[in-house]
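The structure appears below as structure tokens.
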Amino acid sequence: MTTTPQIAVTSAGDDVSRTTLLSIRNVAKRFAKNVVLRDISLEVKEGEFLTILGESGSGKTTLLRIIAGFETASAGEVWMGDARLDRQPPYRRRVNTVFQSYALFPHLTVEQNVAYGLRVAKRPEAEIAARVSEALEKVKMSAHAKSKPSKISGGQQQRIALARALVNRPQLLLLDEPLSALDANLRRQMQVELKSLQREVGISFIFVTHDQEEAMVMSDRIALLRAGELEQVATPREIYGHPATAYVAQFIGHTNLLKGEVRAGVVRRGPLAWTAALPDGAALFSLRPENIRLASEKATAPGTVRVRGKVRQQAFHGATELIRVECGDGLVLVVRTPGSGGALDEVDLEFSPADAVPVRESPERI
Amino acid sequence: MELLVSDARFDSGSRWLLLHTIAVFAFLYLPIAVLILYSFNGEGVGGFPPHHLTLDWYRTLFADGPIWDSVLNSLPVALAAMVIALTFGVPAALALERAQFPGKALFRRLVLLPLILPGIITGLSLLMLFNVMGTKLSLMTIILGHGTALISVATTEVFAGLQKLDRAQEEASLDLGANYWQTFWRITVPNLKLPIIGAALLIFTLSMDEIAVSFFLIGRDNTLPLEIWGRLRRGITPEINAVSTIIFVFSLVAIVFWYRLRMQAEGGADAGAEIVQAVEGSGI
């Protein structure tokens, strides 16, 4: 390496220049005959906040445990830099984990919990004391240094688990649904804190959650896992705006899935018709509720798709309102508007064809 | 604390229940109370109600050489049995809780079998073994007898403790850079402190008053229970009441000590449930 100091400082959102830290190559996991993960390939960059998102049973925790070393992959490899990670025992990996249950040691004080990794590594006591107090300060828990874990609240235990992992300066931090035990308010607060902490320390985070909102708020990239397979890996904006599959479109936010028929560059679905550069045949489209507008009486811009329908349901959500509109021919569209101003009966809807994003039925198999 | 008493009203039905309860407790504890009381009775084992309270029997007891010899035999036997049972019982518990190996079900039954095996069988079979081997009976054979018979006690206690231990704690330790050996000593053992102390106390007390196995394996030197039993054949003396009272007090102190320790550690969990849980969990 040349003497390039700019690597030390990572700027967020600068994806291209970052080097790859962790590389998961064709990893599969079977428990007896039960296939939990199949052919997962994924790269994590230096300083990146990557979220593995999926429902329970999707295999996300298993993938995390393979990276940490608590499970062995049935096939495939995990590399960190130019070293094979999956052949090392968990205690040799420069990876630390924040467990879902926090897994603090009940017989040790908060301070001793945080010092554990440094003690085991036989660091000098003076260095341990300094690093532990720094870590406790970082998570605002210095006042509880002498407490036993059972005497502090869940949110505080969470911070200690975080400090205990970060104090070892790992190259990669794994977080297994660390916020799931917290109540909604504390959870939102911790999401922000965790994200800014990650920016501050510049360590790569792999964050596992089933909460798509959490994933959207915190991540640089989201890897959406479904039944042991990756559906899509992309930035939150990309994954929301251009979902690759029908499942992704439905899992991340609300959407209208339209099953259309393409003929000569024109898509038809019930009363709707718009142009799309797609081959002839059946095609699936995702149309976000907020991309459909209530149209005014006047004629609209050319190329806009317009349809008239009967309002079946209106749900007021405060800032926005969700409206279910029956457009005939079995087509029901859900529309999100910024407040309609009252009860509606018949409405004109419009959307731009570019917002009808073609999606696949299931992920492409290689 | 969990409440054991329900809030049943004292109608006629529950009055009978109360009487029944008192009768059962009287049956259990009255003999012990009488034994303690008569150890202070000036007229020995006869006479009701006891009067002329005295400490004479305790004085006689303390001057009684053979009794103290037997106590000095029993103590090292109990300690050695404790060490043997823990040395083999704790790894067995770890194997049963953690490892997967062929024949595990059989192994579990074999380890736990002595728990329900009558002492007479254990004693007799060991006696035959020592005979075949040509081993001379002594305190050593009693130690081996107690040690092997009580392995299952250590195993059940520690097994129950392991089941309560959060596995994520051990994973966290490995994750933080401690190898398996360091994790065992820094995390697993400190979390098993209570079950291990509990097992040690239990094994110690069980060995101290064991008769059936000892009876078969006894050599020249008597253990305390066998000494007492030997004297009983010549009739009950108040001295035996006195020594029994002392044993009772020591057991009580051990139990109180154990409960205190547990309360401190767990903030008042139900202590007795552990053995039951272990036996249920073991599938016997």
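By order in the structure tokens, chains are A, B, ...; within a chain, residues start at 1; ligands start at 1, following the order shown.
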Contact check, chain B to chain A, at most 12 Å, counting only C-alpha atoms, closest pairs as a Markdown table:
```
| residue | atom | partner | partner_atom | distance |
| --- | --- | --- | --- | --- |
| B:Leu165 | CA | A:Pro106 | CA | 10.4 |
| B:Asp166 | CA | A:Ala103 | CA | 7.5 |
| B:Arg167 | CA | A:Ala103 | CA | 8.5 |
| B:Ala168 | CA | A:Ala103 | CA | 5.5 |
| B:Gln169 | CA | A:Ala103 | CA | 4.9 |
| B:Glu170 | CA | A:Ala103 | CA | 8.4 |
| B:Glu171 | CA | A:Phe70 | CA | 7.3 |
| B:Ala172 | CA | A:Ala103 | CA | 6.5 |
| B:Ser173 | CA | A:Gly117 | CA | 7.8 |
| B:Leu174 | CA | A:Tyr91 | CA | 4.9 |
| B:Asp175 | CA | A:Tyr91 | CA | 5.3 |
| B:Leu176 | CA | A:Gly117 | CA | 4.8 |
| B:Gly177 | CA | A:Tyr91 | CA | 4.0 |
| B:Ala178 | CA | A:Tyr91 | CA | 5.7 |
| B:Asn179 | CA | A:Tyr91 | CA | 5.8 |
| B:Tyr180 | CA | A:Tyr91 | CA | 8.6 |
| B:Trp181 | CA | A:Tyr91 | CA | 11.3 |
| B:Gln182 | CA | A:Val120 | CA | 8.0 |
| B:Thr183 | CA | A:Val120 | CA | 9.6 |
| B:Trp185 | CA | A:Val120 | CA | 11.8 |
| B:Arg186 | CA | A:Tyr116 | CA | 9.6 |
| B:Ile187 | CA | A:Phe105 | CA | 7.4 |
| B:Thr188 | CA | A:Phe105 | CA | 10.1 |
| B:Val189 | CA | A:His107 | CA | 10.7 |
| B:Pro190 | CA | A:His107 | CA | 7.2 |
| B:Asn191 | CA | A:His107 | CA | 7.2 |
| B:Leu192 | CA | A:His107 | CA | 10.6 |
| B:Lys193 | CA | A:His107 | CA | 10.3 |
| B:Leu194 | CA | A:His107 | CA | 11.8 |
| B:Gln264 | CA | A:His107 | CA | 12.0 |
| B:Ala265 | CA | A:His107 | CA | 9.1 |
| B:Glu266 | CA | A:Ser150 | CA | 10.2 |
| B:Gly267 | CA | A:Ser150 | CA | 10.5 |
```
Checklist entry - Which residue, B:Leu144, B:Ala85, B:Val243, B:Leu150, has the smallest gap to Phe130 (chain B) when you use only C-alpha atoms? => result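 Ranking B:Leu144, B:Ala85, B:Val243, B:Leu150 by distance to Phe130 (chain B), first place goes to B:Leu144.
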Item to check | DSSP strand (DSSP E) residues within region 186-352 of chain A, listed as a PyMOL selection string | outcome: chain A and resi 204-209+221-226+229-234+256-263+266-269+272-275+281-287+293-294+305-316+321-326+332-337+346-351
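Picture a line from CA of Ala129 (chain A) to CA of Gln156 (chain A); it runs 20.2 Å.
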Checklist entry - Interatomic distance between CA of Glu177 (chain A) and CA of Glu55 (chain A)? => result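 Pair CA of Glu177 (chain A) / CA of Glu55 (chain A) returns 11.7 Å.
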Item to check | DSSP helix (DSSP H, G or I) residues within region 107-261 of chain A, listed as a PyMOL selection string | outcome: chain A and resi 110-120+125-138+142-144+149-151+154-166+184-201+212-218+236-241+246-251
Please produce a file of the residues just selected, as a short mmCIF file (atom, residue, chain, number, x, y, z; two decimals), in the first residue's frame, where the atoms kept are C-alpha atoms.
```
data_model
loop_
_atom_site.label_atom_id
_atom_site.label_comp_id
_atom_site.auth_asym_id
_atom_site.auth_seq_id
_atom_site.Cartn_x
_atom_site.Cartn_y
_atom_site.Cartn_z
CA VAL A 110 -20.95 -3.40 33.55
CA GLU A 111 -17.31 -2.34 33.56
CA GLN A 112 -16.02 -5.93 33.71
CA ASN A 113 -18.39 -6.88 30.90
CA VAL A 114 -16.97 -4.18 28.66
CA ALA A 115 -13.40 -5.06 29.67
CA TYR A 116 -13.89 -8.78 28.94
CA GLY A 117 -12.50 -8.84 25.40
CA LEU A 118 -9.47 -6.73 26.36
CA ARG A 119 -8.74 -8.86 29.46
CA VAL A 120 -8.87 -12.05 27.43
CA GLU A 125 -4.53 -2.90 32.76
CA ALA A 126 -3.92 0.83 32.18
CA GLU A 127 -4.97 0.52 28.55
CA ILE A 128 -8.02 -1.55 29.52
CA ALA A 129 -9.15 1.08 32.03
CA ALA A 130 -8.77 3.89 29.49
CA ARG A 131 -10.53 2.10 26.65
CA VAL A 132 -13.36 0.84 28.86
CA SER A 133 -14.10 4.28 30.24
CA GLU A 134 -13.95 5.73 26.74
CA ALA A 135 -16.38 3.10 25.46
CA LEU A 136 -18.77 3.64 28.38
CA GLU A 137 -18.67 7.36 27.73
CA LYS A 138 -19.45 6.84 24.08
CA SER A 142 -20.23 5.86 32.65
CA ALA A 143 -22.49 6.37 35.66
CA HIS A 144 -23.41 2.68 35.73
CA PRO A 149 -26.38 -6.03 34.36
CA SER A 150 -29.53 -7.18 36.20
CA LYS A 151 -29.79 -3.77 37.86
CA GLY A 154 -33.16 -3.06 28.80
CA GLY A 155 -32.13 0.03 26.85
CA GLN A 156 -29.07 0.44 29.05
CA GLN A 157 -28.15 -3.24 28.68
CA GLN A 158 -28.34 -2.69 24.95
CA ARG A 159 -25.81 0.14 25.18
CA ILE A 160 -23.48 -2.00 27.27
CA ALA A 161 -23.68 -4.82 24.75
CA LEU A 162 -22.72 -2.29 22.11
CA ALA A 163 -19.83 -0.89 24.16
CA ARG A 164 -18.60 -4.41 24.99
CA ALA A 165 -18.37 -5.20 21.28
CA LEU A 166 -16.97 -1.87 20.04
CA ALA A 184 -41.25 2.08 20.03
CA ASN A 185 -39.95 5.45 21.25
CA LEU A 186 -36.65 4.18 22.59
CA ARG A 187 -36.29 2.16 19.44
CA ARG A 188 -36.53 5.20 17.17
CA GLN A 189 -34.07 7.06 19.37
CA MET A 190 -31.62 4.15 19.29
CA GLN A 191 -31.92 3.87 15.50
CA VAL A 192 -30.63 7.41 15.16
CA GLU A 193 -27.95 6.95 17.83
CA LEU A 194 -26.74 3.68 16.35
CA LYS A 195 -26.48 5.19 12.89
CA SER A 196 -24.50 8.21 14.09
CA LEU A 197 -22.29 5.96 16.23
CA GLN A 198 -21.54 3.88 13.16
CA ARG A 199 -20.58 7.01 11.20
CA GLU A 200 -18.38 8.10 14.09
CA VAL A 201 -16.42 4.86 14.53
CA GLN A 212 -38.42 -2.71 6.96
CA GLU A 213 -38.82 0.80 8.34
CA GLU A 214 -35.80 0.33 10.57
CA ALA A 215 -33.85 -0.98 7.60
CA MET A 216 -34.81 2.02 5.46
CA VAL A 217 -33.88 4.57 8.13
CA MET A 218 -30.47 3.17 9.05
CA PRO A 236 -32.97 1.98 0.43
CA ARG A 237 -33.94 4.43 -2.33
CA GLU A 238 -33.17 1.96 -5.07
CA ILE A 239 -34.96 -0.91 -3.37
CA TYR A 240 -38.03 1.23 -2.76
CA GLY A 241 -38.09 2.97 -6.12
CA ALA A 246 -43.03 -8.59 -6.51
CA TYR A 247 -42.05 -9.74 -3.02
CA VAL A 248 -39.63 -6.84 -2.52
CA ALA A 249 -42.23 -4.36 -3.72
CA GLN A 250 -44.76 -5.67 -1.22
CA PHE A 251 -42.36 -6.16 1.69
#
```
Next on the checklist: So that I can check the surroundings of Leu294 (chain A), please list as a ChimeraX atom specification every protein, DNA and RNA residue that reaches within 8 Å of it, counting only C-alpha atoms and ignoring chain neighbours fewer than 2 positions away.
Outcome noted: /A:292,296,337,347-350
If you count only C-alpha atoms, which residues fall within 12 Å of Leu110 (chain B), apart from same-chain ones fewer than 2 positions away, as a PDB file with N, CA and C atoms, in the first residue's frame?
```
ATOM      1  N   ALA B  92     -19.976 -35.223  33.171  1.00  0.00           N
ATOM      2  CA  ALA B  92     -21.107 -36.002  32.652  1.00  0.00           C
ATOM      3  C   ALA B  92     -22.280 -35.082  32.345  1.00  0.00           C
ATOM      4  N   LEU B  96     -24.036 -34.454  28.763  1.00  0.00           N
ATOM      5  CA  LEU B  96     -25.460 -34.686  28.547  1.00  0.00           C
ATOM      6  C   LEU B  96     -26.155 -33.447  28.006  1.00  0.00           C
ATOM      7  N   GLY B 103     -25.424 -43.242  21.378  1.00  0.00           N
ATOM      8  CA  GLY B 103     -25.579 -43.901  22.669  1.00  0.00           C
ATOM      9  C   GLY B 103     -25.802 -42.930  23.808  1.00  0.00           C
ATOM     10  N   LYS B 104     -26.181 -41.684  23.471  1.00  0.00           N
ATOM     11  CA  LYS B 104     -26.357 -40.683  24.514  1.00  0.00           C
ATOM     12  C   LYS B 104     -27.505 -41.051  25.466  1.00  0.00           C
ATOM     13  N   ALA B 105     -28.587 -41.576  24.903  1.00  0.00           N
ATOM     14  CA  ALA B 105     -29.740 -41.933  25.729  1.00  0.00           C
ATOM     15  C   ALA B 105     -29.347 -43.004  26.751  1.00  0.00           C
ATOM     16  N   LEU B 106     -28.576 -43.966  26.271  1.00  0.00           N
ATOM     17  CA  LEU B 106     -28.127 -45.042  27.160  1.00  0.00           C
ATOM     18  C   LEU B 106     -27.189 -44.481  28.231  1.00  0.00           C
ATOM     19  N   PHE B 107     -26.283 -43.610  27.793  1.00  0.00           N
ATOM     20  CA  PHE B 107     -25.337 -42.977  28.708  1.00  0.00           C
ATOM     21  C   PHE B 107     -26.078 -42.229  29.817  1.00  0.00           C
ATOM     22  N   ARG B 108     -27.114 -41.489  29.421  1.00  0.00           N
ATOM     23  CA  ARG B 108     -27.885 -40.724  30.394  1.00  0.00           C
ATOM     24  C   ARG B 108     -28.524 -41.646  31.430  1.00  0.00           C
ATOM     25  N   LEU B 112     -27.617 -41.784  35.474  1.00  0.00           N
ATOM     26  CA  LEU B 112     -28.635 -41.399  36.450  1.00  0.00           C
ATOM     27  C   LEU B 112     -29.230 -42.585  37.209  1.00  0.00           C
ATOM     28  N   LEU B 113     -28.916 -43.789  36.758  1.00  0.00           N
ATOM     29  CA  LEU B 113     -29.496 -44.978  37.377  1.00  0.00           C
ATOM     30  C   LEU B 113     -29.217 -45.076  38.887  1.00  0.00           C
ATOM     31  N   PRO B 114     -27.999 -44.817  39.358  1.00  0.00           N
ATOM     32  CA  PRO B 114     -27.733 -44.941  40.794  1.00  0.00           C
ATOM     33  C   PRO B 114     -28.666 -44.107  41.661  1.00  0.00           C
ATOM     34  N   LEU B 115     -29.265 -43.066  41.073  1.00  0.00           N
ATOM     35  CA  LEU B 115     -30.187 -42.210  41.805  1.00  0.00           C
ATOM     36  C   LEU B 115     -31.384 -43.013  42.308  1.00  0.00           C
ATOM     37  N   ILE B 116     -31.819 -44.001  41.505  1.00  0.00           N
ATOM     38  CA  ILE B 116     -32.993 -44.765  41.913  1.00  0.00           C
ATOM     39  C   ILE B 116     -32.630 -46.193  42.305  1.00  0.00           C
ATOM     40  N   LEU B 117     -31.362 -46.551  42.127  1.00  0.00           N
ATOM     41  CA  LEU B 117     -30.925 -47.901  42.479  1.00  0.00           C
ATOM     42  C   LEU B 117     -30.868 -48.023  44.004  1.00  0.00           C
ATOM     43  N   THR B 148     -18.985 -43.166  43.782  1.00  0.00           N
ATOM     44  CA  THR B 148     -19.668 -43.621  42.566  1.00  0.00           C
ATOM     45  C   THR B 148     -21.181 -43.516  42.704  1.00  0.00           C
ATOM     46  N   ALA B 149     -21.708 -43.853  43.883  1.00  0.00           N
ATOM     47  CA  ALA B 149     -23.157 -43.816  44.052  1.00  0.00           C
ATOM     48  C   ALA B 149     -23.698 -42.396  43.930  1.00  0.00           C
ATOM     49  N   ILE B 151     -22.373 -39.819  42.081  1.00  0.00           N
ATOM     50  CA  ILE B 151     -22.085 -39.105  40.829  1.00  0.00           C
ATOM     51  C   ILE B 151     -23.381 -38.559  40.227  1.00  0.00           C
ATOM     52  N   SER B 152     -24.427 -39.378  40.272  1.00  0.00           N
ATOM     53  CA  SER B 152     -25.689 -38.972  39.656  1.00  0.00           C
ATOM     54  C   SER B 152     -26.258 -37.718  40.311  1.00  0.00           C
ATOM     55  N   THR B 155     -24.431 -34.868  38.797  1.00  0.00           N
ATOM     56  CA  THR B 155     -24.851 -34.699  37.407  1.00  0.00           C
ATOM     57  C   THR B 155     -26.208 -34.003  37.306  1.00  0.00           C
ATOM     58  N   SER B 282     -34.203 -35.306  32.823  1.00  0.00           N
ATOM     59  CA  SER B 282     -33.357 -36.426  32.451  1.00  0.00           C
ATOM     60  C   SER B 282     -34.161 -37.560  31.836  1.00  0.00           C
ATOM     61  N   ILE B 284     -36.025 -39.881  33.262  1.00  0.00           N
ATOM     62  CA  ILE B 284     -36.151 -41.143  34.005  1.00  0.00           C
ATOM     63  C   ILE B 284     -37.571 -41.270  34.545  1.00  0.00           C
TER      64      ILE B 284
END
```
Can you pull out every residue within 6 Å of region 276-291 of chain A, counting only C-alpha atoms, but drop anything in the same chain fewer than 2 positions away, and send it as a PDB file with C-alpha atoms, in the first residue's frame?
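Wrote it out as result-v3.pdb, contents follow:
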```
ATOM      1  CA  THR A 255     -47.686  -1.171  -3.421  1.00  0.00           C
ATOM      2  CA  ASN A 256     -50.201  -1.961  -6.137  1.00  0.00           C
ATOM      3  CA  LEU A 257     -49.182  -5.066  -8.052  1.00  0.00           C
ATOM      4  CA  LEU A 258     -50.545  -4.955 -11.569  1.00  0.00           C
ATOM      5  CA  LYS A 259     -50.549  -8.057 -13.741  1.00  0.00           C
ATOM      6  CA  GLY A 260     -50.532  -6.657 -17.271  1.00  0.00           C
ATOM      7  CA  GLU A 261     -50.436  -7.999 -20.769  1.00  0.00           C
ATOM      8  CA  VAL A 262     -47.855  -6.478 -23.139  1.00  0.00           C
ATOM      9  CA  ARG A 263     -48.529  -6.309 -26.855  1.00  0.00           C
ATOM     10  CA  GLY A 265     -45.023  -2.039 -26.547  1.00  0.00           C
ATOM     11  CA  VAL A 266     -48.374  -1.337 -24.928  1.00  0.00           C
ATOM     12  CA  VAL A 334     -54.706   1.942  -3.453  1.00  0.00           C
ATOM     13  CA  VAL A 335     -53.882   5.634  -3.572  1.00  0.00           C
ATOM     14  CA  ARG A 336     -51.994   7.686  -1.014  1.00  0.00           C
ATOM     15  CA  ALA A 356     -45.221   1.553 -13.014  1.00  0.00           C
ATOM     16  CA  VAL A 357     -42.013  -0.397 -12.333  1.00  0.00           C
ATOM     17  CA  PRO A 358     -41.750  -3.809 -13.961  1.00  0.00           C
ATOM     18  CA  VAL A 359     -40.926  -6.461 -11.346  1.00  0.00           C
TER      19      VAL A 359
END
```
Checklist entry - Hey, what's within 7 Å of Thr209 (chain A) if we count only C-alpha atoms and toss same-chain stuff fewer than 3 positions away? As a list in words, please? => result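 In the requested form, the answer reads Ile52, Leu53, Gly54 and Glu177 of chain A.
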Checklist entry - Near Gln313 (chain A), counting only C-alpha atoms, which residues have an atom at most 12 Å away, once you skip same-chain residues fewer than 5 positions from it, shown as number ranges by chain? => result A: 321-326, 332-336, 343-346
